[in-house]
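Everything below belongs to data.cif, which stores mmCIF, C-alpha atoms (C1' of nucleotides).
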```cif
data_work
#
loop_
_atom_site.label_atom_id
_atom_site.label_comp_id
_atom_site.auth_asym_id
_atom_site.auth_seq_id
_atom_site.Cartn_x
_atom_site.Cartn_y
_atom_site.Cartn_z
CA MET A 8 148.03 102.50 197.68
CA ILE A 9 149.93 99.58 199.09
CA HIS A 10 152.34 97.65 196.89
CA ALA A 11 152.70 94.05 197.94
CA LEU A 12 154.37 90.93 196.64
CA ALA A 13 152.94 87.44 196.68
CA ILE A 14 154.46 84.00 196.28
CA THR A 15 151.98 81.20 195.76
CA GLY A 16 152.20 77.64 194.52
CA PRO A 17 151.12 74.15 195.38
CA THR A 18 151.96 72.52 198.64
CA ALA A 19 155.59 71.32 198.89
CA SER A 20 156.72 73.55 196.03
CA GLY A 21 159.27 75.30 198.22
CA LYS A 22 157.43 78.54 198.97
CA THR A 23 158.76 78.93 202.49
CA ALA A 24 162.45 78.77 201.63
CA ILE A 25 162.05 81.13 198.69
CA SER A 26 159.98 83.60 200.67
CA LEU A 27 162.69 83.93 203.31
CA GLY A 28 165.29 84.62 200.64
CA VAL A 29 163.08 87.20 198.93
CA ALA A 30 162.18 88.88 202.20
CA ILE A 31 165.80 89.25 203.24
CA ALA A 32 166.89 90.51 199.82
CA LEU A 33 164.10 93.04 199.35
CA GLY A 34 163.23 94.05 202.90
CA CYS A 35 159.86 92.36 203.27
CA GLU A 36 157.75 91.10 206.12
CA ILE A 37 155.80 87.94 205.45
CA ILE A 38 152.02 87.69 205.67
CA CYS A 39 150.85 84.12 205.75
CA LEU A 40 148.37 83.35 202.95
CA ASP A 41 147.26 80.01 204.26
CA SER A 42 143.99 78.84 205.74
CA MET A 43 145.58 76.34 208.12
CA GLN A 44 148.84 77.89 209.27
CA ILE A 45 146.76 80.49 211.06
CA TYR A 46 146.00 77.90 213.71
CA LYS A 47 148.01 77.49 216.88
CA ARG A 48 149.68 74.17 217.62
CA MET A 49 149.24 72.97 214.05
CA ASP A 50 152.90 73.23 213.12
CA ILE A 51 154.22 70.04 211.60
CA GLY A 52 151.22 69.13 209.47
CA THR A 53 150.83 72.61 207.98
CA ALA A 54 154.57 72.90 207.29
CA LYS A 55 154.65 76.17 209.18
CA ALA A 56 157.88 78.14 209.10
CA THR A 57 160.00 77.07 212.06
CA LYS A 58 160.64 79.34 215.04
CA GLU A 59 164.15 79.83 213.72
CA GLU A 60 162.85 80.86 210.29
CA GLN A 61 160.30 83.14 211.90
CA SER A 62 163.07 84.84 213.84
CA ARG A 63 164.88 85.78 210.66
CA VAL A 64 161.94 87.56 209.04
CA PRO A 65 158.83 88.90 210.82
CA HIS A 66 155.75 86.79 210.08
CA HIS A 67 152.13 87.90 210.33
CA MET A 68 148.80 86.07 210.29
CA LEU A 69 150.50 82.96 211.56
CA ASP A 70 149.73 80.92 214.63
CA PHE A 71 147.09 83.16 216.20
CA LEU A 72 143.80 81.25 216.14
CA SER A 73 142.54 78.32 218.18
CA PRO A 74 141.81 75.23 216.03
CA THR A 75 138.28 75.27 217.43
CA GLU A 76 137.57 78.58 215.70
CA ASN A 77 136.34 78.89 212.15
CA PHE A 78 137.62 81.62 209.91
CA SER A 79 136.55 83.12 206.61
CA ALA A 80 138.04 84.71 203.55
CA GLN A 81 136.52 88.06 204.54
CA ALA A 82 137.92 87.90 208.06
CA TYR A 83 141.27 87.00 206.57
CA LYS A 84 141.17 89.97 204.27
CA GLU A 85 140.42 92.43 207.03
CA MET A 86 143.25 91.24 209.23
CA ALA A 87 145.74 90.81 206.41
CA MET A 88 145.07 94.30 205.05
CA GLU A 89 145.65 95.69 208.51
CA ALA A 90 149.00 93.92 208.63
CA ALA A 91 149.90 95.13 205.13
CA ARG A 92 149.16 98.73 206.06
CA ASP A 93 151.26 98.46 209.16
CA ILE A 94 154.20 96.93 207.30
CA THR A 95 154.03 99.57 204.59
CA TYR A 96 153.82 102.33 207.19
CA ARG A 97 157.05 101.08 208.72
CA GLY A 98 158.76 101.26 205.33
CA LYS A 99 158.82 97.56 204.59
CA ILE A 100 157.18 95.57 201.80
CA PRO A 101 154.36 93.12 202.57
CA LEU A 102 155.03 89.68 201.09
CA PHE A 103 152.09 87.29 200.97
CA VAL A 104 153.14 83.65 201.00
CA GLY A 105 150.92 80.61 200.91
CA GLY A 106 148.71 78.28 198.96
CA THR A 107 145.15 79.36 199.68
CA GLY A 108 143.94 80.71 196.36
CA LEU A 109 140.63 81.92 197.69
CA TYR A 110 142.32 84.21 200.20
CA LEU A 111 144.41 85.88 197.53
CA SER A 112 141.42 86.28 195.22
CA THR A 113 139.44 87.88 198.01
CA LEU A 114 142.33 90.12 198.92
CA ILE A 115 142.66 91.74 195.52
CA ARG A 116 138.97 92.55 195.28
CA PRO A 117 137.51 95.78 196.63
CA ASP A 118 135.77 96.14 199.96
CA VAL A 119 132.24 97.20 199.18
CA GLU A 120 128.82 96.36 200.48
CA GLN A 121 129.25 92.94 202.02
CA ALA A 122 126.97 89.98 201.63
CA PRO A 123 125.79 88.75 205.03
CA GLU A 124 127.78 86.21 207.00
CA SER A 125 126.63 82.68 206.59
CA ASP A 126 124.28 81.22 209.14
CA PRO A 127 125.04 77.58 210.00
CA GLU A 128 121.45 76.94 211.06
CA TYR A 129 120.05 78.07 207.73
CA ARG A 130 122.50 75.83 205.92
CA ARG A 131 121.92 72.82 208.13
CA LYS A 132 118.16 72.95 207.62
CA LEU A 133 118.41 73.10 203.86
CA GLU A 134 121.07 70.42 203.73
CA GLU A 135 118.86 68.05 205.68
CA SER A 136 116.06 68.49 203.16
CA LEU A 137 118.28 67.44 200.27
CA THR A 138 117.69 63.73 200.35
CA SER A 139 117.68 63.00 196.64
CA GLU A 140 118.97 64.24 193.34
CA GLU A 141 115.50 65.56 192.47
CA LYS A 142 115.55 67.68 195.62
CA ARG A 143 118.97 69.07 194.72
CA ILE A 144 117.81 69.98 191.24
CA GLU A 145 114.68 71.52 192.69
CA LEU A 146 116.69 73.72 195.01
CA TRP A 147 118.97 74.75 192.18
CA GLU A 148 115.93 75.61 190.05
CA ARG A 149 114.73 77.83 192.84
CA LEU A 150 118.03 79.66 192.72
CA ARG A 151 117.78 79.93 188.96
CA GLN A 152 114.43 81.68 189.27
CA ILE A 153 115.83 84.44 191.41
CA ASP A 154 119.46 84.58 190.26
CA PRO A 155 120.16 82.85 186.95
CA VAL A 156 123.72 84.18 186.77
CA SER A 157 124.78 82.56 190.02
CA ALA A 158 122.85 79.39 189.28
CA ASP A 159 124.61 78.91 185.97
CA ALA A 160 127.99 79.25 187.65
CA VAL A 161 127.31 76.37 190.02
CA HIS A 162 126.39 72.75 189.44
CA TYR A 163 123.23 71.57 191.20
CA ASN A 164 125.23 68.96 193.09
CA ASN A 165 127.37 71.66 194.66
CA THR A 166 124.79 72.22 197.36
CA ARG A 167 127.14 74.16 199.57
CA ARG A 168 127.31 76.98 197.05
CA VAL A 169 123.70 76.74 195.95
CA ILE A 170 122.64 77.18 199.55
CA ARG A 171 125.00 80.09 200.04
CA ALA A 172 123.52 81.93 197.07
CA LEU A 173 119.98 81.32 198.32
CA GLU A 174 120.92 82.42 201.79
CA ILE A 175 122.17 85.76 200.54
CA PHE A 176 118.92 86.38 198.72
CA ASP A 177 116.73 85.33 201.63
CA ALA A 178 118.65 87.51 204.03
CA THR A 179 118.91 90.65 201.94
CA GLY A 180 116.50 90.43 199.04
CA LYS A 181 119.50 90.99 196.77
CA THR A 182 121.08 88.31 194.66
CA LYS A 183 124.54 86.86 195.06
CA SER A 184 125.43 88.04 191.59
CA TYR A 185 124.58 91.58 192.70
CA PHE A 186 127.24 91.37 195.40
CA ASP A 187 129.65 89.61 193.06
CA ALA A 188 129.30 92.38 190.49
CA LEU A 189 130.26 94.98 193.08
CA THR A 190 133.54 93.21 193.72
CA LYS A 191 134.55 92.60 190.12
CA LYS A 192 136.83 95.62 190.22
CA LYS A 193 140.29 95.81 191.75
CA ASN A 194 141.02 96.56 195.35
CA GLU A 195 142.03 100.22 195.03
CA GLU A 196 144.09 100.07 198.17
CA LEU A 197 146.27 97.12 197.21
CA GLU A 198 148.41 96.23 194.23
CA VAL A 199 150.02 92.81 194.21
CA THR A 200 152.86 91.45 192.13
CA HIS A 201 152.10 87.76 192.14
CA VAL A 202 154.64 85.05 191.39
CA THR A 203 153.37 81.48 191.38
CA LEU A 204 155.59 78.40 191.47
CA ASP A 205 154.84 75.79 188.86
CA PHE A 206 156.31 72.57 187.50
CA HIS A 207 156.84 71.39 183.95
CA ASN A 208 156.81 67.81 185.12
CA ARG A 209 154.15 67.02 187.68
CA GLU A 210 156.16 64.00 188.86
CA ASN A 211 158.75 66.33 190.36
CA LEU A 212 156.12 67.89 192.58
CA TYR A 213 154.62 64.54 193.52
CA ALA A 214 158.01 63.21 194.50
CA ARG A 215 158.51 66.22 196.77
CA ILE A 216 155.10 65.70 198.31
CA ASN A 217 155.76 62.05 199.12
CA LYS A 218 159.08 62.93 200.63
CA ARG A 219 157.63 65.72 202.69
CA VAL A 220 154.84 63.60 204.12
CA ASP A 221 157.44 61.06 205.25
CA ALA A 222 159.43 63.87 206.84
CA MET A 223 156.37 65.17 208.67
CA LEU A 224 155.74 61.74 210.13
CA GLU A 225 159.33 61.53 211.30
CA GLU A 226 159.03 64.92 212.92
CA GLY A 227 156.10 63.65 214.96
CA LEU A 228 152.95 64.53 213.06
CA PHE A 229 151.02 61.78 214.78
CA ASN A 230 151.85 63.05 218.25
CA GLU A 231 151.01 66.60 217.29
CA VAL A 232 147.56 65.54 216.12
CA LYS A 233 147.10 63.21 219.07
CA ALA A 234 147.76 66.00 221.55
CA LEU A 235 145.30 68.33 219.82
CA TYR A 236 142.73 65.58 219.59
CA GLU A 237 143.04 64.62 223.24
CA ASP A 238 142.73 68.25 224.25
CA GLY A 239 139.44 68.39 222.37
CA LEU A 240 140.66 70.95 219.87
CA LEU A 241 139.79 69.05 216.72
CA GLY A 242 136.00 69.10 216.73
CA GLU A 243 134.19 67.24 214.05
CA PHE A 244 133.05 70.05 211.78
CA THR A 245 135.74 72.63 212.28
CA THR A 246 137.97 73.89 209.51
CA ALA A 247 141.03 72.70 211.39
CA SER A 248 139.83 69.12 211.62
CA GLN A 249 139.57 69.00 207.82
CA ALA A 250 143.22 69.85 207.34
CA ILE A 251 145.15 67.35 205.30
CA GLY A 252 147.43 65.39 207.57
CA TYR A 253 145.16 65.97 210.54
CA LYS A 254 142.04 64.26 209.31
CA GLU A 255 144.07 61.19 208.33
CA MET A 256 145.79 60.94 211.71
CA ILE A 257 142.39 61.29 213.35
CA LEU A 258 141.34 58.17 211.45
CA VAL A 259 144.17 56.30 213.12
CA LEU A 260 143.29 57.71 216.54
CA ARG A 261 139.72 56.53 216.14
CA SER A 262 140.90 53.14 214.85
CA LEU A 263 139.21 53.69 211.51
CA ALA A 264 142.42 53.10 209.56
CA THR A 265 145.83 51.59 210.06
CA MET A 266 148.78 53.94 210.13
CA GLU A 267 149.98 52.46 206.85
CA ASP A 268 146.66 53.12 205.10
CA ALA A 269 146.38 56.58 206.61
CA VAL A 270 149.77 57.55 205.23
CA GLU A 271 148.76 56.47 201.74
CA ILE A 272 145.48 58.38 202.00
CA LEU A 273 147.39 61.39 203.25
CA LYS A 274 149.81 61.36 200.33
CA GLN A 275 146.99 60.94 197.86
CA ALA A 276 144.97 63.78 199.38
CA THR A 277 148.02 66.03 199.25
CA ARG A 278 148.59 65.26 195.57
CA ASN A 279 144.94 65.96 194.73
CA TYR A 280 145.12 69.20 196.67
CA ALA A 281 148.29 70.28 194.90
CA LYS A 282 146.62 69.76 191.55
CA ARG A 283 143.69 71.98 192.52
CA GLN A 284 146.11 74.65 193.67
CA LEU A 285 147.94 74.54 190.34
CA THR A 286 144.66 75.03 188.48
CA TRP A 287 143.69 77.94 190.68
CA PHE A 288 146.95 79.85 190.41
CA ARG A 289 147.53 79.16 186.72
CA ASN A 290 144.18 80.67 185.89
CA MET A 291 144.52 83.67 188.14
CA ASP A 292 144.85 87.00 186.35
CA GLY A 293 148.29 88.52 186.64
CA ALA A 294 150.03 85.43 188.01
CA ILE A 295 153.63 85.24 186.81
CA PRO A 296 154.80 81.62 186.67
CA VAL A 297 158.25 80.63 187.89
CA TYR A 298 159.14 77.04 187.14
CA ALA A 299 160.94 74.91 189.66
CA ASP A 300 162.14 72.56 186.94
CA ASP A 301 163.41 73.20 183.39
CA ASP A 302 161.79 72.21 180.10
CA ASP A 303 163.35 68.77 180.30
CA GLY A 304 161.89 68.24 183.73
CA ASN A 305 165.11 68.53 185.72
CA MET A 306 164.85 70.38 189.03
CA LYS A 307 166.54 73.78 189.08
CA PRO A 308 168.89 74.63 191.93
CA ALA A 309 167.08 76.48 194.71
CA GLU A 310 169.33 79.54 194.31
CA ASN A 311 168.25 79.91 190.70
CA ILE A 312 164.57 79.83 191.55
CA LEU A 313 165.12 82.39 194.27
CA ALA A 314 167.10 84.63 191.93
CA GLU A 315 164.34 84.43 189.32
CA CYS A 316 161.72 85.50 191.83
CA ILE A 317 163.81 88.38 193.10
CA SER A 318 164.49 89.61 189.60
CA ILE A 319 160.80 89.58 188.70
CA PHE A 320 159.89 91.49 191.84
CA ARG A 321 162.63 94.07 191.23
CA LYS A 322 161.64 94.63 187.63
CA VAL A 323 157.96 95.13 188.31
CA ASN A 324 158.40 97.33 191.34
CA LYS A 325 160.74 99.82 189.76
"C1'" G B 202 153.67 15.68 184.68
"C1'" G B 203 148.12 15.62 186.04
"C1'" U B 204 143.50 17.99 187.52
"C1'" G B 205 140.70 22.28 188.63
"C1'" C B 206 139.91 27.57 188.71
"C1'" C B 207 140.94 32.27 186.62
"C1'" A B 208 142.35 36.09 182.67
"C1'" U B 209 137.66 42.85 181.52
"C1'" A B 210 141.10 50.38 181.69
"C1'" G B 211 147.08 52.16 185.59
"C1'" C B 212 144.55 49.39 190.04
"C1'" C B 213 139.97 47.07 192.19
"C1'" A B 214 135.70 45.23 189.86
"C1'" A B 215 130.22 44.18 187.67
"C1'" G B 216 128.52 41.92 183.53
"C1'" U B 217 127.18 34.44 181.41
"C1'" G B 218 124.53 35.49 173.74
"C1'" G B 219 122.12 41.50 171.91
"C1'" U B 220 126.48 45.74 171.18
"C1'" A B 221 131.32 47.03 178.04
"C1'" A B 222 128.14 49.18 185.43
"C1'" G B 223 130.71 51.30 189.36
"C1'" G B 224 134.89 52.83 192.62
"C1'" C B 225 140.00 54.54 192.99
"C1'" A B 226 144.14 56.65 190.43
"C1'" A B 227 145.72 59.84 186.31
"C1'" A B 228 144.32 64.20 183.38
"C1'" G B 229 141.44 68.77 182.64
"C1'" G B 230 138.25 72.26 184.99
"C1'" U B 231 134.71 75.37 188.41
"C1'" C B 232 134.91 78.77 192.67
"C1'" U B 233 134.26 85.32 197.58
"C1'" G B 234 132.25 84.05 203.39
"C1'" C B 235 133.66 76.05 205.95
"C1'" A B 236 138.52 76.74 200.61
"C1'" A B 237 143.85 71.76 202.91
"C1'" C B 238 136.27 72.77 201.46
"C1'" A B 239 132.62 71.56 197.99
"C1'" C B 240 131.67 70.39 192.97
"C1'" C B 241 132.02 69.15 187.47
"C1'" U B 242 134.16 66.73 182.98
"C1'" C B 243 136.80 62.62 181.28
"C1'" U B 244 139.48 57.32 180.31
"C1'" A B 245 138.49 49.93 177.32
"C1'" U B 246 136.05 47.24 172.63
"C1'" C B 247 136.97 42.55 177.40
"C1'" C B 248 145.05 37.94 176.98
"C1'" C B 249 145.94 35.70 171.75
"C1'" C B 250 144.25 32.55 167.54
"C1'" A B 251 140.44 29.74 165.24
"C1'" G B 252 135.31 28.24 165.29
"C1'" U B 253 129.67 28.25 166.30
"C1'" U B 254 125.89 32.26 165.62
"C1'" C B 255 122.12 37.25 162.37
"C1'" A B 256 124.81 38.64 166.94
"C1'" A B 257 130.36 36.47 171.40
"C1'" A B 258 133.53 39.73 177.00
"C1'" U B 259 129.79 35.98 177.38
"C1'" C B 260 129.42 29.30 173.94
"C1'" U B 261 133.41 25.59 171.74
"C1'" G B 262 138.61 24.17 170.59
"C1'" G B 263 143.73 25.44 170.81
"C1'" G B 264 147.63 28.65 172.70
"C1'" U B 265 149.84 31.86 176.46
"C1'" G B 266 150.03 33.57 181.50
"C1'" G B 267 148.61 33.24 186.73
"C1'" C B 268 146.62 30.67 191.07
"C1'" A B 269 145.28 26.17 193.78
"C1'" C B 270 145.55 21.15 194.62
"C1'" C B 271 147.54 16.28 193.33
"C1'" U B 272 151.82 13.07 191.94
#
```

Now, as a test, write the supplied structure out as structure tokens.
Amino acid sequence: MIHALAITGPTASGKTAISLGVAIALGCEIICLDSMQIYKRMDIGTAKATKEEQSRVPHHMLDFLSPTENFSAQAYKEMAMEAARDITYRGKIPLFVGGTGLYLSTLIRPDVEQAPESDPEYRRKLEESLTSEEKRIELWERLRQIDPVSADAVHYNNTRRVIRALEIFDATGKTKSYFDALTKKKNEELEVTHVTLDFHNRENLYARINKRVDAMLEEGLFNEVKALYEDGLLGEFTTASQAIGYKEMILVLRSLATMEDAVEILKQATRNYAKRQLTWFRNMDGAIPVYADDDDGNMKPAENILAECISIFRKVNK
RNA sequence: GGUGCCAUAGCCAAGUGGUAAGGCAAAGGUCUGCAACACCUCUAUCCCCAGUUCAAAUCUGGGUGGCACCU
């Protein structure tokens, strides 16, 4: 059994700084829990820990994949578990840090019989047939015939997930809910103490987001994206090209938006994303909230937040 | 000072007599294989006052505010 710690929270909540403090205090190595920081050369826009920060605490799952490659939650889990085992073996504590809720959810579920990998061709064909709302409902009805549990969990407009569920059935003859049921239990190999950063007053987070976007631009976000784009590394349908900060700069590069507009779109997209992250982590079983501001909405000093996290981790891991 | 135009949700905006479209934002939520994705829910009595009418955001008068032009 591996005991690990996790620090999650919305973008710009201060995860990186806190994680370094925790890692130094408790003897951890950091495993990146982020779907975009895994990519090479995407440094500024993903707010990756700097080289200097990385030199103070060992980081894993960071900066290893070409932006042209797609990744998946399952692939993440396999690699991250490998890293966690290795860290534990060397007598250190694995500390997961990042904002990708799906990756953490996948991580704490058991490895059992796996549903097949998704086939882009299968998806593309079905997507092309969905030309109207009636067609989308029809497809969803088809799913409901074979797997009512999965169908009820997904809206008919969410074609991406409807198609996925159908694909699993067509490929294996078993329903998606069959595979889901297998993974309802805990991952027997991993136990995670999960602290999530939250805010009493959303405005505090939004102010940090706006400030951070401005800082990214000053640090040269546009040139970072431009270089990747010109080197052909931001293909149209890749995961990397969907990254917030990157897709907006691409708009500018393709003259589809002015820089001024792109910055506004970027800030807005970041705020929307942060809200989804808050929902995800708040509703996750076992998440222990640590607030970055007090009841009156005043920001707490960074040392206090760090101390709170450390004390929670110490208490639980006694 | 005069004339004309305009006034609908936080913003943009449709609606010209029959009981307030839509988009964005905000807020809440869903979720195992593209997740920084995809998707769902949800927000008004139409500037104010008076009148006409069975019925007014829609017509009339007055007021207030804004814009344009004229002097």

### Task
Name the residues captured by the PyMOL selection byres ((chain A) within 7 of (chain B)) when it is applied to the shown file; answer as a list in words.
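Evaluating the PyMOL selection byres ((chain A) within 7 of (chain B)) on these coordinates yields Ser79, Ala80, Gln81, Leu109, Thr113, Glu124, Ser125, His162, Asn164, Asn165, Arg167, Thr246, Ala250, Ile251 and Tyr280 of chain A.
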
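Note that CA of Leu137 in chain A and C1' of A222 in chain B are 25.5 Å apart.
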
### Message
as number ranges by chain, please: the residues near range 205-218 of chain A (cut-off 12 Å, all atoms listed in the file, same-chain neighbours under 5 positions excluded).
### Response
A: 14-22, 54, 223-225, 270-282, 284-289, 294-307, 312; B: 227-228

### Message
List the spatial neighbours of Ala314 in chain A as a PyMOL selection string - criterion: any atom at most 10 Å away, only C-alpha atoms (C1' of nucleotides), same-chain residues fewer than 6 positions off excluded.
### Response
chain A and resi 25+28-29+32+320

Compile a residue-level contact table for range 47-158 of chain A against range 182-189 of chain A at a cut-off of 12 Å, reporting for every qualifying residue the shortest atom pair and its distance in Å to one decimal, with all atoms listed in the file counted, rows ordered by chain and ascending number, as JSON lines.
```
{"residue": "A:Thr113", "atom": "CA", "partner": "A:Asp187", "partner_atom": "CA", "distance": 11.1}
{"residue": "A:Arg116", "atom": "CA", "partner": "A:Leu189", "partner_atom": "CA", "distance": 9.3}
{"residue": "A:Pro117", "atom": "CA", "partner": "A:Leu189", "partner_atom": "CA", "distance": 8.1}
{"residue": "A:Asp118", "atom": "CA", "partner": "A:Leu189", "partner_atom": "CA", "distance": 8.9}
{"residue": "A:Val119", "atom": "CA", "partner": "A:Leu189", "partner_atom": "CA", "distance": 6.8}
{"residue": "A:Glu120", "atom": "CA", "partner": "A:Phe186", "partner_atom": "CA", "distance": 7.3}
{"residue": "A:Gln121", "atom": "CA", "partner": "A:Phe186", "partner_atom": "CA", "distance": 7.1}
{"residue": "A:Ala122", "atom": "CA", "partner": "A:Phe186", "partner_atom": "CA", "distance": 6.4}
{"residue": "A:Pro123", "atom": "CA", "partner": "A:Phe186", "partner_atom": "CA", "distance": 10.1}
{"residue": "A:Leu150", "atom": "CA", "partner": "A:Thr182", "partner_atom": "CA", "distance": 9.4}
{"residue": "A:Arg151", "atom": "CA", "partner": "A:Thr182", "partner_atom": "CA", "distance": 10.7}
{"residue": "A:Gln152", "atom": "CA", "partner": "A:Thr182", "partner_atom": "CA", "distance": 10.8}
{"residue": "A:Ile153", "atom": "CA", "partner": "A:Thr182", "partner_atom": "CA", "distance": 7.3}
{"residue": "A:Asp154", "atom": "CA", "partner": "A:Thr182", "partner_atom": "CA", "distance": 6.0}
{"residue": "A:Pro155", "atom": "CA", "partner": "A:Ser184", "partner_atom": "CA", "distance": 8.7}
{"residue": "A:Val156", "atom": "CA", "partner": "A:Ser184", "partner_atom": "CA", "distance": 6.4}
{"residue": "A:Ser157", "atom": "CA", "partner": "A:Ser184", "partner_atom": "CA", "distance": 5.7}
{"residue": "A:Ala158", "atom": "CA", "partner": "A:Ser184", "partner_atom": "CA", "distance": 9.3}
```

### Message
When the PyMOL selection byres ((chain A and resi 100) around 9) is applied to the structure above, which residues does it catch, written out as a list in words?
### Response
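Output of the PyMOL selection byres ((chain A and resi 100) around 9): Ile9, His10, Ala11, Leu12, Ala30, Leu33, Gly34, Cys35, Glu36, Ile37, Ala91, Ile94, Thr95, Arg97, Gly98, Lys99, Pro101 and Leu102 of chain A.
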